Amino acid sequence: MIQLTEVQKYFYRGESREVHALKNINLTIEEGEFSLLNGPSGCGKTTLLNAIGALDSVDSGKIYLDEKEITTLSEDERTLLRLNEMGFVFQSYNLVPVLSVEENIGFIMKLRGFDDNEIKNRVKEVAELLEIQDKLQSLPNTLSGGQQQRVAVARAVASKPKIILADEPTANLDSKNSIALMNMMRRLNEEEGVTILFASHDEYVIESVRRIIRLNDGSIVED
């Protein structure tokens with residue numbers, strides 16, 4: 001489903017190469033995986049996740065999603081790819097504060113042009129799966145951190161993307177909510193068939209996934 005070949009990424013200051021963030025990354029993620037990018041802070045987890053998600057460019061190498069090379073796409077094409085093929089979960093939630101939970105969950109579907117009835121039915125379905133159906137008319141600032149993260153997960157999965165990329169999704173949650181969130185993500189993986197790739201060093205995420213890809217200093221050191 002996802003293939004990376006000899007991917008390299010540098011961060012620059014002026015014209016000088018400041019950090020060699022990704023070093024000759026070769027990696028394949030199959031459809032239906034429930035996997036984790038793991039390693040110490042600064043090892044390249046988020047950089048690699050952002051590259052896979054077409055949120056950031058790379059300096060060399062190739063990245064494919066379903067045999068489509070995304071490293072050669074224009075910014076507009078990358079935007080459409082993210083909208084139509086991917087779902088994102090960030091530790092900061094990134095919910096729209098003036099929209100209700102229902103509107104936040106259906107936001108990506110609205111952008112993609114889904115029918116209003118289809119959006120309504122899908123939002124209800126996902127909200128029930130994530131146990132937030134009683135919060136649909138609430139605003140984000142009235143929710144707990146765990147509830148906001150569930151809304152972010154619901155928004156990511158509602159439009160049925162091929163892959164969900166989750167960057168430190170449990171970072172702002174207590175242990176109870178971390179365990180609950182990972183159980184829900186596993187259910188989404190198993191029941192919806194969504195491929196999920198995490199970037200995290202949280203023990204609850206490590207214990208939940210089926211595959212761990214360890215990075216250190218920009219390189220894959222164990223898989």
# chains A, B, ... in the order shown; residues from 1 in each chain; ligands from 1
$ select_by_dssp --residues "segment 81-220 of chain A" --states "helix (DSSP H, G or I)" --output "PyMOL selection string"
chain A and resi 81-85+101-105+107-111+116-129+133-135+140-142+145-158+175-192+203-208
$ residues_around --residues "Glu30 of chain A" --least-positions-apart "5" --cutoff "9 Å" --atoms "only C-alpha atoms" --output "list in words"
Met1, Ile2, Gln3 and Thr195 of chain A
$ write_last_selection --atoms "N, CA and C atoms" --output "mmCIF file, in the first residue's frame"
data_model
loop_
_atom_site.group_PDB
_atom_site.id
_atom_site.type_symbol
_atom_site.label_atom_id
_atom_site.label_comp_id
_atom_site.auth_asym_id
_atom_site.auth_seq_id
_atom_site.Cartn_x
_atom_site.Cartn_y
_atom_site.Cartn_z
ATOM 1 N N MET A 1 0.821 -1.208 0.000
ATOM 2 C CA MET A 1 0.000 0.000 0.000
ATOM 3 C C MET A 1 0.858 1.262 0.000
ATOM 4 N N ILE A 2 1.855 1.285 0.896
ATOM 5 C CA ILE A 2 2.803 2.406 0.957
ATOM 6 C C ILE A 2 4.205 1.837 0.793
ATOM 7 N N GLN A 3 4.974 2.448 -0.066
ATOM 8 C CA GLN A 3 6.352 2.001 -0.256
ATOM 9 C C GLN A 3 7.281 3.203 -0.314
ATOM 10 N N THR A 195 -6.103 1.050 7.411
ATOM 11 C CA THR A 195 -4.678 0.949 7.731
ATOM 12 C C THR A 195 -4.304 2.097 8.652
#
$ closest_residue --among "A:Val194, A:Asp56, A:Tyr204, A:Pro140" --to "Pro97 of chain A" --atoms "only C-alpha atoms"
A:Pro140
$ select_by_dssp --residues "segment 11-218 of chain A" --states "strand (DSSP E)" --output "PyMOL selection string"
chain A and resi 11-13+16-29+34-38+60-65+68-69+86-90+163-167+195-199+211-216
$ residues_around --residues "segment 58-60 of chain A" --least-positions-apart "6" --cutoff "12 Å" --atoms "only C-alpha atoms" --output "ChimeraX atom specification"
/A:4-12,17,20-25,47-52,70-73
$ closest_residue --among "A:Leu143, A:Leu173, A:Met184, A:Ile163" --to "Arg82 of chain A" --atoms "only C-alpha atoms"
A:Ile163
$ residues_around --residues "Ser175 of chain A" --least-positions-apart "4" --cutoff "12 Å" --atoms "only C-alpha atoms" --output "ChimeraX atom specification"
/A:146,170-171,179-182,202-205
$ write_last_selection --atoms "N, CA and C atoms" --output "mmCIF file, in the first residue's frame"
data_model
loop_
_atom_site.group_PDB
_atom_site.id
_atom_site.type_symbol
_atom_site.label_atom_id
_atom_site.label_comp_id
_atom_site.auth_asym_id
_atom_site.auth_seq_id
_atom_site.Cartn_x
_atom_site.Cartn_y
_atom_site.Cartn_z
ATOM 1 N N GLY A 146 -9.852 13.634 26.414
ATOM 2 C CA GLY A 146 -10.124 12.329 25.818
ATOM 3 C C GLY A 146 -11.262 12.382 24.821
ATOM 4 N N THR A 170 -1.846 9.879 21.923
ATOM 5 C CA THR A 170 -2.140 9.733 23.349
ATOM 6 C C THR A 170 -1.331 10.690 24.214
ATOM 7 N N ALA A 171 -0.583 11.592 23.605
ATOM 8 C CA ALA A 171 0.364 12.425 24.354
ATOM 9 C C ALA A 171 -0.303 13.279 25.422
ATOM 10 N N ILE A 179 -5.594 4.043 27.004
ATOM 11 C CA ILE A 179 -5.982 2.654 26.759
ATOM 12 C C ILE A 179 -7.285 2.598 25.967
ATOM 13 N N ALA A 180 -8.253 3.434 26.370
ATOM 14 C CA ALA A 180 -9.543 3.456 25.676
ATOM 15 C C ALA A 180 -9.378 3.864 24.215
ATOM 16 N N LEU A 181 -8.548 4.884 23.968
ATOM 17 C CA LEU A 181 -8.349 5.353 22.601
ATOM 18 C C LEU A 181 -7.718 4.264 21.740
ATOM 19 N N MET A 182 -6.705 3.576 22.265
ATOM 20 C CA MET A 182 -6.053 2.528 21.486
ATOM 21 C C MET A 182 -6.989 1.361 21.226
ATOM 22 N N ASP A 202 4.754 6.109 23.369
ATOM 23 C CA ASP A 202 3.866 5.818 24.494
ATOM 24 C C ASP A 202 3.737 4.305 24.674
ATOM 25 N N GLU A 203 3.884 3.823 25.918
ATOM 26 C CA GLU A 203 3.832 2.390 26.189
ATOM 27 C C GLU A 203 2.485 1.788 25.817
ATOM 28 N N TYR A 204 1.397 2.549 25.929
ATOM 29 C CA TYR A 204 0.079 2.013 25.595
ATOM 30 C C TYR A 204 -0.051 1.779 24.093
ATOM 31 N N VAL A 205 0.564 2.640 23.306
ATOM 32 C CA VAL A 205 0.572 2.433 21.859
ATOM 33 C C VAL A 205 1.447 1.240 21.515
#
$ residues_around --residues "Asn104 of chain A" --least-positions-apart "3" --cutoff "8 Å" --atoms "only C-alpha atoms" --output "number ranges by chain"
A: 95-96, 99-101, 107, 151, 155
$ atom_distance --atom1 "atom CA of Val98 of chain A" --atom2 "atom CA of Val123 of chain A"
17.7 Å
$ residues_around --residues "Tyr93 of chain A" --least-positions-apart "2" --cutoff "8 Å" --atoms "only C-alpha atoms" --output "list in words"
Val89, Phe90, Gln91, Leu95, Gln148, Gln149 and Ala152 of chain A
$ residues_around --residues "segment 186-188 of chain A" --least-positions-apart "4" --cutoff "12 Å" --atoms "only C-alpha atoms" --output "ChimeraX atom specification"
/A:32-35,125-130,150,153-154,156-158,160-161,163-164,179-182,192-198,205,207-210
$ write_last_selection --atoms "C-alpha atoms" --output "compact mmCIF listing (two decimals), in the first residue's frame"
# COMPACT_ATOMS: atom_id res chain seq x y z
CA GLY A 32 -4.69 -3.31 6.87
CA GLU A 33 -1.59 -2.86 9.04
CA PHE A 34 -1.77 -1.52 12.61
CA SER A 35 1.78 -0.33 13.00
CA GLU A 125 -22.22 5.54 12.90
CA VAL A 126 -18.69 6.64 13.76
CA ALA A 127 -19.79 8.58 16.85
CA GLU A 128 -21.47 5.45 18.21
CA LEU A 129 -18.37 3.38 17.53
CA LEU A 130 -16.26 5.90 19.46
CA ARG A 150 -12.15 10.80 20.03
CA VAL A 153 -10.29 10.18 15.42
CA ALA A 154 -13.93 10.16 14.28
CA ALA A 156 -10.19 11.13 10.48
CA VAL A 157 -12.09 7.90 9.85
CA ALA A 158 -15.51 9.27 8.81
CA LYS A 160 -13.26 6.17 4.95
CA PRO A 161 -9.66 7.04 4.04
CA ILE A 163 -4.85 5.16 5.76
CA ILE A 164 -4.88 7.03 9.06
CA ILE A 179 -5.98 2.65 26.76
CA ALA A 180 -9.54 3.46 25.68
CA LEU A 181 -8.35 5.35 22.60
CA MET A 182 -6.05 2.53 21.49
CA GLU A 192 -13.47 -0.73 9.17
CA GLY A 193 -10.35 -2.24 7.63
CA VAL A 194 -8.47 1.07 7.90
CA THR A 195 -4.68 0.95 7.73
CA ILE A 196 -3.30 2.84 10.74
CA LEU A 197 0.26 4.05 11.26
CA PHE A 198 1.23 5.71 14.54
CA VAL A 205 0.57 2.43 21.86
CA GLU A 207 1.52 -2.63 23.63
CA SER A 208 -1.39 -2.27 21.18
CA VAL A 209 0.18 -2.44 17.73
CA ARG A 210 1.11 -5.50 15.67
$ atom_distance --atom1 "atom CA of Glu75 of chain A" --atom2 "atom CA of Ala54 of chain A"
9.0 Å
$ atom_distance --atom1 "atom CA of His201 of chain A" --atom2 "atom CA of Asn94 of chain A"
21.0 Å
$ closest_residue --among "A:Glu222, A:Arg13, A:Gly42, A:Gly53" --to "Met86 of chain A" --atoms "only C-alpha atoms"
A:Gly53
